[in-house]
Structure formats: C-alpha cells, structure tokens
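Worksheet: the structure to be examined is printed underneath.
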Amino acid sequence: MTNPFSLRQKILLAIITFNLISTWLHYIDNALFLSQYPGPEWFTSIGVISVVIVMTPIGLLGYWLYTKGMFWLAYLSLGLYSITSISSPGHYLFPMLAPMSLKMHGLIWLDGVTGLLLISFLLWSSVGLKEWRSTSNYHLNL
C-alpha cells in the first residue's frame with residue numbers, strides 16, 4: 001500500500017516534470033525567436049537561456065527538499081522556480097511588434113498553466129494539508 005506522502009511525491013514529480021518540459025520548450029523558443037516575442041528591449045537570447053539554466057536546479061532542489069520533508073525550504077525553492085513559468089504570460093504586457101504564431105501563444109500559456117499547477121500544489125500542501133506541521137517521520141525514511 002502506498003503511503004499518502006509517497007503519492008504526493010509522485011504528483012509533485014509529475015507536475016515538476018511537465019513544468020520543466022514546458023519551461024525549457026518556451027525559453028528555447030523564446031531565445032531562438034527573441035525578436036518575435038514581445039518583451040523588454042534588454043532581453044537577450046543568452047539572458048533567456050541563462051535564466052532557465054539557473055532556475056532549473058532550484059526547482060529540482062525544491063523537489064528533493066520536499067521528498068526529505070524539509071517543507072519550508074521546498075516551498076521557497078519551488079515558489080521561486082514557479083516564477084519562470086507564471087511570468088511567461090508577461091509577454092502580453094509588452095506591445096507586439098509582429099503577430100506571434102499559434103506555437104508561441106501555446107508555449108506561453110502552457111508554461112503559465114504548469115506554473116499555476118505547481119503553485120496550486122504548494123498551496124494544497126502548505127495551506128490545505130499543512131504538511132509542514134507533520135511530526136511523523138514516515139516521509140523521512142523513504
């Protein structure tokens with residue numbers, strides 16, 4: 001029988017996996033087609049790729065911390081990582097110089113939705129389940 005914490009770890013792993021895939025797809029596309037994406041003039045392809053390279057380990061660290069029951073550090077890391085996704089619809093705050101393709105819109109919204117899914121999990125874990133108050137060590141022995 002699977003314990004509830006193990007099931008939540010699997011759910012989080014699935015969310016993180018989809019989030020990483022969507023973020024890397026969007027950021028690579030953004031870097032390759034930077035001039036077609038609306039955004040600040042100071043964005044560069046190297047800057048966009050650098051952000052995803054720096055943020056990915058933070059997301060993975062957050063998952064690892066969660067599996068070890070270090071919830072507050074996990075929430076902090078995963079919350080920081082989620083910024084890479086939930087900020088993607090920020091493209092729409094800037095004037096479009098050229099119409100974006102359906103692919104570009106899809107990648108922006110896929111990234112935004114996976115970021116919201118991650119934040120929803122964090123809220124469920126921290127506010128709904130209050131996992132951080134867990135006094136049992138069952139999750140530390142996995």
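Residue numbering restarts at 1 in every chain; chains get A, B, ... in the order shown in the structure tokens, and ligands count up from 1 in that same order.
With only C-alpha atoms taken into account, the protein and nucleic acid residues at most 10 Å from stretch 95-109 of chain A (excluding it and anything under 4 positions from it in its own chain) are Ser22, Thr23, Trp24, Leu25, His26, Tyr27, Asp29, Asn30, Phe33, Ser35, Gln36, Tyr37, Pro38, Gly39, Pro40, Ser85, Ile86, Ser87, Ser88, Pro89, Gly90, His91, Val113, Thr114 and Gly115 of chain A.
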Next on the checklist: Just list as number ranges by chain whatever in stretch 40-132 of chain A DSSP marks as helix (DSSP H, G or I).
Outcome noted: A: 45-67, 71-86, 88-93, 102-128, 131-132
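When only C-alpha atoms are used to compute distances to A:Ser126, the closest of the residues A:Leu32, A:Met70, A:Leu61, A:Leu13 turns out to be A:Met70.
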Checklist entry - Expressed in Å to a single decimal, how great is the separation between atom CA of A:Met55 and atom CA of A:Tyr81? => result 5.8 Å
Next on the checklist: Please list as a VMD selection string every residue within 12 Å of A:Ile16, counting only C-alpha atoms and excluding residues in the same chain fewer than 6 positions away.
Outcome noted: chain A and resid 9 to 10 22 to 24 56 to 64 66 78 to 79 81 to 82 85 111 114 to 119 121 to 122
Output N, CA, C and O atoms for every residue in the selection just made, as a tab-separated table (two decimals), in the first residue's frame.
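As written to disk, result27.tsv reads:
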chain	number	residue	atom	x	y	z
A	9	GLN	N	4.43	12.85	-3.42
A	9	GLN	CA	5.73	13.00	-4.08
A	9	GLN	C	5.61	12.69	-5.57
A	9	GLN	O	6.19	13.40	-6.40
A	10	LYS	N	4.87	11.66	-5.90
A	10	LYS	CA	4.69	11.29	-7.31
A	10	LYS	C	3.91	12.36	-8.05
A	10	LYS	O	4.22	12.68	-9.21
A	22	SER	N	7.76	22.24	-20.22
A	22	SER	CA	7.12	23.42	-20.80
A	22	SER	C	8.02	24.64	-20.72
A	22	SER	O	8.10	25.43	-21.66
A	23	THR	N	8.73	24.79	-19.61
A	23	THR	CA	9.60	25.95	-19.44
A	23	THR	C	10.78	25.89	-20.41
A	23	THR	O	11.09	26.89	-21.08
A	24	TRP	N	11.41	24.73	-20.52
A	24	TRP	CA	12.52	24.62	-21.46
A	24	TRP	C	12.06	24.84	-22.90
A	24	TRP	O	12.75	25.52	-23.67
A	56	THR	N	16.39	25.96	-13.20
A	56	THR	CA	16.10	24.52	-13.21
A	56	THR	C	16.64	23.80	-11.97
A	56	THR	O	15.89	23.06	-11.32
A	57	PRO	N	17.89	24.00	-11.59
A	57	PRO	CA	18.37	23.33	-10.37
A	57	PRO	C	17.61	23.78	-9.11
A	57	PRO	O	17.46	22.99	-8.18
A	58	ILE	N	17.11	25.00	-9.10
A	58	ILE	CA	16.33	25.47	-7.95
A	58	ILE	C	15.03	24.67	-7.85
A	58	ILE	O	14.62	24.25	-6.76
A	59	GLY	N	14.39	24.41	-8.99
A	59	GLY	CA	13.19	23.58	-9.00
A	59	GLY	C	13.47	22.16	-8.58
A	59	GLY	O	12.73	21.56	-7.79
A	60	LEU	N	14.55	21.59	-9.09
A	60	LEU	CA	14.92	20.22	-8.72
A	60	LEU	C	15.30	20.13	-7.25
A	60	LEU	O	14.95	19.15	-6.58
A	61	LEU	N	15.98	21.13	-6.75
A	61	LEU	CA	16.32	21.18	-5.33
A	61	LEU	C	15.03	21.22	-4.49
A	61	LEU	O	14.92	20.54	-3.48
A	62	GLY	N	14.07	22.01	-4.95
A	62	GLY	CA	12.79	22.09	-4.23
A	62	GLY	C	12.10	20.74	-4.14
A	62	GLY	O	11.57	20.37	-3.08
A	63	TYR	N	12.12	19.99	-5.22
A	63	TYR	CA	11.52	18.65	-5.19
A	63	TYR	C	12.28	17.76	-4.20
A	63	TYR	O	11.67	17.06	-3.39
A	64	TRP	N	13.60	17.78	-4.26
A	64	TRP	CA	14.41	16.96	-3.36
A	64	TRP	C	14.12	17.34	-1.90
A	64	TRP	O	13.95	16.47	-1.05
A	66	TYR	N	11.43	18.62	-0.71
A	66	TYR	CA	10.09	18.14	-0.39
A	66	TYR	C	10.14	16.66	-0.02
A	66	TYR	O	9.52	16.23	0.96
A	78	LEU	N	10.55	25.87	-4.67
A	78	LEU	CA	9.57	25.63	-5.72
A	78	LEU	C	8.80	26.90	-6.07
A	78	LEU	O	8.45	27.12	-7.24
A	79	GLY	N	8.55	27.73	-5.08
A	79	GLY	CA	7.90	29.01	-5.35
A	79	GLY	C	8.77	29.90	-6.22
A	79	GLY	O	8.28	30.52	-7.17
A	81	TYR	N	11.12	28.83	-8.25
A	81	TYR	CA	11.16	28.21	-9.57
A	81	TYR	C	9.89	28.49	-10.38
A	81	TYR	O	9.96	28.72	-11.58
A	82	SER	N	8.75	28.52	-9.71
A	82	SER	CA	7.48	28.72	-10.42
A	82	SER	C	7.43	30.07	-11.13
A	82	SER	O	6.68	30.24	-12.09
A	85	SER	N	7.72	30.08	-14.85
A	85	SER	CA	6.54	29.70	-15.63
A	85	SER	C	5.43	30.74	-15.55
A	85	SER	O	4.87	31.13	-16.57
A	111	ASP	N	3.26	27.09	-20.40
A	111	ASP	CA	4.19	27.40	-19.32
A	111	ASP	C	3.47	28.07	-18.15
A	111	ASP	O	3.68	27.72	-17.00
A	114	THR	N	1.32	25.39	-16.31
A	114	THR	CA	2.10	24.46	-15.49
A	114	THR	C	2.64	25.16	-14.25
A	114	THR	O	2.76	24.55	-13.19
A	115	GLY	N	2.95	26.46	-14.38
A	115	GLY	CA	3.37	27.23	-13.21
A	115	GLY	C	2.25	27.37	-12.19
A	115	GLY	O	2.47	27.23	-10.98
A	116	LEU	N	1.04	27.61	-12.67
A	116	LEU	CA	-0.11	27.69	-11.76
A	116	LEU	C	-0.39	26.33	-11.11
A	116	LEU	O	-0.79	26.27	-9.95
A	117	LEU	N	-0.18	25.28	-11.85
A	117	LEU	CA	-0.35	23.93	-11.29
A	117	LEU	C	0.64	23.69	-10.16
A	117	LEU	O	0.27	23.16	-9.10
A	118	LEU	N	1.87	24.12	-10.34
A	118	LEU	CA	2.88	23.98	-9.29
A	118	LEU	C	2.50	24.82	-8.07
A	118	LEU	O	2.56	24.34	-6.94
A	119	ILE	N	2.08	26.04	-8.29
A	119	ILE	CA	1.66	26.89	-7.17
A	119	ILE	C	0.45	26.29	-6.46
A	119	ILE	O	0.36	26.33	-5.23
A	121	PHE	N	-0.24	23.14	-6.17
A	121	PHE	CA	0.27	22.05	-5.33
A	121	PHE	C	0.88	22.60	-4.05
A	121	PHE	O	0.64	22.07	-2.96
A	122	LEU	N	1.66	23.67	-4.17
A	122	LEU	CA	2.30	24.26	-2.99
A	122	LEU	C	1.25	24.76	-2.00
A	122	LEU	O	1.39	24.58	-0.79
